[in-house]
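Student: Have a look at this one before I ask anything.
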Amino acid sequence: MEIFLIDGIGPFFVEYIKTKKKVNWSKIPFHHLSKEAECCVRQFAEIADNLEIFAQKVSKVGYNGITFDDVAHLTPDKWLEPEINRTVRMYGEQYQKLFTICSRYGLDVYLTMDILSLTPKLKEQINGNFQRIRQFIQRQLETVLHAYPEVRGIILRIGECDGRDVRGDFKSELVLRRAKQANSLLRAVLPIFERYQRYLILRNWTVGAYPIGDFLWHRSTISRVLEDIESPWFILSLKYGESDFFRYLPLNTSFFQLKVKRIIELQARREYEGAGEYPSFIGWDYQEYARQLEQANNMVGISVWCQTGGWLPFRRLTYLEEAGFWNELNSFVCIKLFKEKLEVEQAVASFADSTGCHDPVALLELLRLSDEVIKDLLYIKELARQKLFFRRVRIPPLLSVFWNNIFINHSVRKVLRTLVVSGENCVESGYRSLEKIEKMEVLAKKLALPADDIRYMYDTFAILALAREYYFSPYDNGIKKRISKAKKKYKKKYPKGSRPRYRVKTNFTPFAVKRSHLQWLFYLLLRRKRGYRVLDHLLTLRFLAIIFRGMVVLRPKLIPKFGRKHAMGIDTLFK
């Protein structure tokens, strides 16, 4: 392996997060950057100061590349509005200063690029014509690679676009909908990268939209996208599993089946596991991936997300403040496992030595307990181990908690009781996990680590343990009162304006669907193998999509607000 990337999004958020309750961590908030020259220069000066700190630290740890958003904001073009071209040129001058800082610390620069970021005028010029889309992207790539010799590569993202809350001059949309289109685009732009001798990194994340939506795991789709793509300057970047950055996911088999160069994506700031508000150690999981990948050919690097990901109120900045400790620990262990081939115990000891912790054995014990608690209480083990697919996506192994939302309602109760047999064991293991968190707090105080983070973890996970009683124990009206009381106590201890907290969403209104009907519905809609059934082609991929689109138009409020307003919206699943 020779490429060790880390995301450089953090320095752009230092000022931005001071005024926001909830933050979209998926991309730099460009709308926050001024279009007035003097103010823009001042903003970028602050960004540069923070990047100096960040670059010095990550290069010292062992990273040799840094990723930034994005090509669209650095490439003027004749199809763009004149005022946007002026802004883009101004940003380009400021980005040049950031690239200089990176070069000083031996960090290669990689720019991200959504396929495709659009403005109103650009959308009108393209008018849905794929040939014009391809022409425009070719011009963009020529422009950016010619203008910035520091840029070592471009990361093209397909399968996902900007969330619904993204504001600014550009907003990306899913214009590649079929494998054939993606393959055609790769063939058209790859010669540009070969001529400049820069890397084209194809990065796929998908929420199952359109026929290309199963690219992450479907062998036929992957082979059609990569057909006849052979170049030393092409790299495929894949998340470690067949879903997002969750636990309990086996390593994606594509790492062993493809001939092209590959990078594995890892997440140090765990967006579904507290985002650094409490320890969520990933060392042993990633060590297992590293060992397996020793049998894979053409693995050329890793891409670690230390800040990017999620719509969250949590705002700890990795490598820019002391509060980023747990994320920095994960980032450190990632590079040691994959670059230096250390064991977890060696990596943790090395981290302890570098941070002045004089008891690596106690630290390792704290992290072992953290790993167990996350897997046994945040996740429901029996559910998480199931391989379930719906349409073109693998269902996440974490259902009752998503980002900073804890769902305690009757519909979730019925779903979980349908999918989980050993509910009583789940309740018992939940309370055993709380005892482990208490041990973690003792160890944190002994190590002079942030014990308040462990107490916050306990308070949050105590609600998860209560929720398990509601999910799996025989119905008792008293549990509703206990949950409501715990929710009020939690909100009082962590009021608005203090530490960001989880949102506990309770609704005890009976869910009308019987469990027997739910089991029948799951049989129709869910499958336990990757391949599609005849039923999927007839029902879930076609007819169900038509029904859902009709419901969006006629009864939009039937879709929960969380599914309508967050990220790309749940309707993306049905495209």
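Residues in the structure tokens are numbered from 1 in each chain, the chains being A, B, ... in the order shown, and ligands are numbered from 1 in the order shown.
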Mind checking which residues fall within 9 Å of Thr112 (chain A), counting only C-alpha atoms, ignoring those fewer than 6 positions away in the same chain, and posting them as a list in words?
Tutor: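 These residues fall inside the cut-off: Thr67, Phe68, Asp69, Asp70, Val71, Ala72, Gly153, Ile154, Ile155, Leu156 and Arg157 of chain A.
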Student: I need the residues in region 363-503 of chain A that are strand (DSSP E or B) according to DSSP; give them as a ChimeraX atom specification.
Tutor: /A:389-390,393-394,401-402,405-409,503
Student: Which residue, A:Leu388, A:Ala512, A:Val420, A:Leu464, has the smallest gap to Ile483 (chain A) when you use only C-alpha atoms?
Tutor: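 Of A:Leu388, A:Ala512, A:Val420, A:Leu464, the one nearest Ile483 (chain A) is A:Leu464, counting only C-alpha atoms.
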Student: Quick check for you: according to DSSP on this backbone, which residues of region 346-471 of chain A are classed as helix (DSSP H, G or I)? Reply as an MDAnalysis selection string.
Tutor: chainID A and resid 346:355 360:378 381:384 410:419 423:446 451:471
Student: So that each row is one residue of region 369-413 of chain A with an atom at most 10 Å from region 261-276 of chain A, can you give its shortest atom pair and the distance in Å to one decimal, using only C-alpha atoms, rows by chain and rising number, as JSON lines?
Tutor:
```
{"residue": "A:Ile374", "atom": "CA", "partner": "A:Glu273", "partner_atom": "CA", "distance": 7.7}
{"residue": "A:Leu378", "atom": "CA", "partner": "A:Glu273", "partner_atom": "CA", "distance": 7.8}
{"residue": "A:Tyr379", "atom": "CA", "partner": "A:Glu273", "partner_atom": "CA", "distance": 9.6}
{"residue": "A:Leu398", "atom": "CA", "partner": "A:Tyr272", "partner_atom": "CA", "distance": 8.5}
{"residue": "A:Val401", "atom": "CA", "partner": "A:Tyr272", "partner_atom": "CA", "distance": 7.9}
{"residue": "A:Phe402", "atom": "CA", "partner": "A:Tyr272", "partner_atom": "CA", "distance": 6.2}
{"residue": "A:Trp403", "atom": "CA", "partner": "A:Tyr272", "partner_atom": "CA", "distance": 4.7}
{"residue": "A:Asn404", "atom": "CA", "partner": "A:Gly274", "partner_atom": "CA", "distance": 7.3}
{"residue": "A:Asn405", "atom": "CA", "partner": "A:Tyr272", "partner_atom": "CA", "distance": 9.6}
```
Student: Take the residues that were just selected and, keeping C-alpha atoms, output them as a PDB file, in the first residue's frame.
Tutor:
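The resulting file, again_2.pdb, is shown below:
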```pdb
ATOM      1  CA  ILE A 374     -21.099  -0.873  21.226  1.00  0.00           C
ATOM      2  CA  LEU A 378     -25.981  -0.012  20.647  1.00  0.00           C
ATOM      3  CA  TYR A 379     -26.462  -2.854  18.177  1.00  0.00           C
ATOM      4  CA  LEU A 398     -28.599  -0.807  13.183  1.00  0.00           C
ATOM      5  CA  VAL A 401     -30.780   4.057  16.502  1.00  0.00           C
ATOM      6  CA  PHE A 402     -29.815   6.220  13.547  1.00  0.00           C
ATOM      7  CA  TRP A 403     -27.282   9.056  13.814  1.00  0.00           C
ATOM      8  CA  ASN A 404     -28.399  10.856  16.996  1.00  0.00           C
ATOM      9  CA  ASN A 405     -31.968   9.517  16.988  1.00  0.00           C
TER      10      ASN A 405
END
```
Student: Set out as a Markdown table a contact list for region 12-129 of chain A and region 133-151 of chain A with a cut-off of 10 Å, giving each residue of region 12-129 of chain A that qualifies its closest atom pair and distance in Å to one decimal, counting only C-alpha atoms, ordered by chain and rising residue number.
Tutor:
```
| residue | atom | partner | partner_atom | distance |
| --- | --- | --- | --- | --- |
| A:Ile66 | CA | A:Val151 | CA | 10.0 |
| A:Thr67 | CA | A:Val151 | CA | 9.7 |
| A:Val71 | CA | A:Val144 | CA | 7.0 |
| A:Ala72 | CA | A:Gln140 | CA | 7.7 |
| A:Leu74 | CA | A:Val144 | CA | 7.0 |
| A:Thr75 | CA | A:Gln140 | CA | 5.9 |
| A:Pro76 | CA | A:Gln140 | CA | 7.9 |
| A:Asp77 | CA | A:Gln140 | CA | 7.5 |
| A:Lys78 | CA | A:Phe136 | CA | 9.6 |
| A:Trp79 | CA | A:Phe136 | CA | 8.4 |
| A:Gly92 | CA | A:Ala147 | CA | 9.2 |
| A:Tyr95 | CA | A:Tyr148 | CA | 9.7 |
| A:Gln96 | CA | A:Tyr148 | CA | 7.8 |
| A:Phe99 | CA | A:Glu150 | CA | 6.6 |
| A:Thr100 | CA | A:Glu150 | CA | 8.1 |
| A:Cys102 | CA | A:Glu150 | CA | 8.9 |
| A:Ser103 | CA | A:Glu150 | CA | 7.4 |
| A:Leu107 | CA | A:Glu150 | CA | 9.5 |
| A:Asp108 | CA | A:Val151 | CA | 6.8 |
| A:Val109 | CA | A:Val151 | CA | 4.8 |
| A:Tyr110 | CA | A:Val151 | CA | 5.7 |
| A:Leu111 | CA | A:Val151 | CA | 7.1 |
| A:Met113 | CA | A:Leu141 | CA | 9.7 |
| A:Ile115 | CA | A:Ile137 | CA | 8.4 |
| A:Leu116 | CA | A:Ile133 | CA | 8.2 |
| A:Ser117 | CA | A:Ile137 | CA | 10.0 |
| A:Leu122 | CA | A:Phe136 | CA | 9.3 |
| A:Lys123 | CA | A:Ile133 | CA | 9.5 |
| A:Gln125 | CA | A:Ile133 | CA | 9.4 |
| A:Ile126 | CA | A:Ile133 | CA | 6.2 |
| A:Asn127 | CA | A:Ile133 | CA | 8.9 |
| A:Gly128 | CA | A:Ile133 | CA | 7.7 |
| A:Asn129 | CA | A:Ile133 | CA | 6.4 |
```
Student: Using N, CA and C atoms, can you export the residues from the last selection as a short mmCIF file (atom, residue, chain, number, x, y, z; two decimals), in the first residue's frame?
Tutor:
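The new file again.cif reads:
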```cif
data_model
loop_
_atom_site.label_atom_id
_atom_site.label_comp_id
_atom_site.auth_asym_id
_atom_site.auth_seq_id
_atom_site.Cartn_x
_atom_site.Cartn_y
_atom_site.Cartn_z
N ILE A 66 -4.41 13.98 1.44
CA ILE A 66 -5.53 14.65 2.08
C ILE A 66 -6.60 14.94 1.03
N THR A 67 -7.86 14.76 1.39
CA THR A 67 -8.95 14.98 0.44
C THR A 67 -9.70 16.26 0.79
N VAL A 71 -14.18 19.73 -6.90
CA VAL A 71 -13.82 20.22 -8.24
C VAL A 71 -14.76 21.32 -8.72
N ALA A 72 -16.05 21.18 -8.48
CA ALA A 72 -17.03 22.15 -8.99
C ALA A 72 -16.71 23.58 -8.56
N LEU A 74 -13.90 24.90 -8.07
CA LEU A 74 -12.56 25.34 -8.50
C LEU A 74 -12.42 25.43 -10.01
N THR A 75 -13.50 25.19 -10.75
CA THR A 75 -13.38 25.15 -12.21
C THR A 75 -14.41 26.06 -12.89
N PRO A 76 -13.98 27.24 -13.31
CA PRO A 76 -14.88 28.09 -14.10
C PRO A 76 -15.16 27.44 -15.46
N ASP A 77 -16.29 27.79 -16.05
CA ASP A 77 -16.66 27.19 -17.33
C ASP A 77 -17.64 28.11 -18.06
N LYS A 78 -17.64 28.01 -19.38
CA LYS A 78 -18.49 28.86 -20.21
C LYS A 78 -19.98 28.59 -20.00
N TRP A 79 -20.33 27.43 -19.46
CA TRP A 79 -21.73 27.09 -19.25
C TRP A 79 -22.24 27.56 -17.88
N GLY A 92 -10.41 29.59 -6.04
CA GLY A 92 -9.21 28.95 -6.55
C GLY A 92 -7.94 29.58 -6.02
N TYR A 95 -7.66 28.42 -2.37
CA TYR A 95 -7.32 27.00 -2.27
C TYR A 95 -5.84 26.77 -2.56
N GLN A 96 -5.28 27.57 -3.44
CA GLN A 96 -3.87 27.43 -3.77
C GLN A 96 -3.01 27.55 -2.52
N PHE A 99 -3.25 24.30 -0.66
CA PHE A 99 -2.45 23.25 -1.30
C PHE A 99 -0.97 23.42 -0.96
N THR A 100 -0.52 24.65 -0.84
CA THR A 100 0.88 24.92 -0.48
C THR A 100 1.19 24.39 0.91
N CYS A 102 -0.33 21.90 2.40
CA CYS A 102 -0.29 20.43 2.32
C CYS A 102 1.04 19.94 1.76
N SER A 103 1.52 20.60 0.72
CA SER A 103 2.80 20.22 0.12
C SER A 103 3.93 20.34 1.12
N LEU A 107 1.88 16.10 2.04
CA LEU A 107 0.54 15.55 1.82
C LEU A 107 0.10 15.81 0.39
N ASP A 108 -0.12 14.74 -0.37
CA ASP A 108 -0.69 14.89 -1.71
C ASP A 108 -2.14 15.32 -1.59
N VAL A 109 -2.58 16.14 -2.54
CA VAL A 109 -3.95 16.65 -2.53
C VAL A 109 -4.82 15.85 -3.49
N TYR A 110 -5.99 15.44 -2.99
CA TYR A 110 -7.00 14.76 -3.80
C TYR A 110 -8.30 15.54 -3.67
N LEU A 111 -8.93 15.85 -4.80
CA LEU A 111 -10.18 16.60 -4.81
C LEU A 111 -11.36 15.69 -5.08
N MET A 113 -15.35 14.99 -6.31
CA MET A 113 -16.18 15.49 -7.41
C MET A 113 -17.45 14.65 -7.51
N ILE A 115 -20.83 13.49 -9.33
CA ILE A 115 -21.31 13.39 -10.71
C ILE A 115 -22.83 13.49 -10.68
N LEU A 116 -23.36 14.72 -10.71
CA LEU A 116 -22.77 15.94 -11.21
C LEU A 116 -23.30 17.11 -10.40
N SER A 117 -22.43 18.10 -10.12
CA SER A 117 -22.84 19.31 -9.42
C SER A 117 -23.34 20.34 -10.44
N LEU A 122 -26.26 25.78 -15.76
CA LEU A 122 -25.61 24.56 -16.23
C LEU A 122 -26.65 23.46 -16.49
N LYS A 123 -27.63 23.37 -15.62
CA LYS A 123 -28.68 22.37 -15.81
C LYS A 123 -29.45 22.64 -17.11
N GLN A 125 -28.20 24.20 -19.75
CA GLN A 125 -27.30 23.92 -20.87
C GLN A 125 -27.23 22.43 -21.17
N ILE A 126 -27.17 21.63 -20.13
CA ILE A 126 -27.04 20.18 -20.31
C ILE A 126 -28.37 19.56 -20.74
N ASN A 127 -29.44 19.99 -20.08
CA ASN A 127 -30.79 19.57 -20.45
C ASN A 127 -30.94 18.05 -20.50
N GLY A 128 -30.29 17.36 -19.56
CA GLY A 128 -30.42 15.92 -19.47
C GLY A 128 -29.71 15.13 -20.55
N ASN A 129 -28.93 15.79 -21.39
CA ASN A 129 -28.24 15.12 -22.50
C ASN A 129 -26.94 14.52 -21.99
#
```
Student: Quick one: everything within 7 Å of Val427 (chain A), counting only C-alpha atoms, minus sequence neighbours fewer than 6 positions away in the same chain. Send it as a list of chain:residue names.
Tutor: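 Everything that qualifies: A:Ala465, A:Arg468, A:Glu469.
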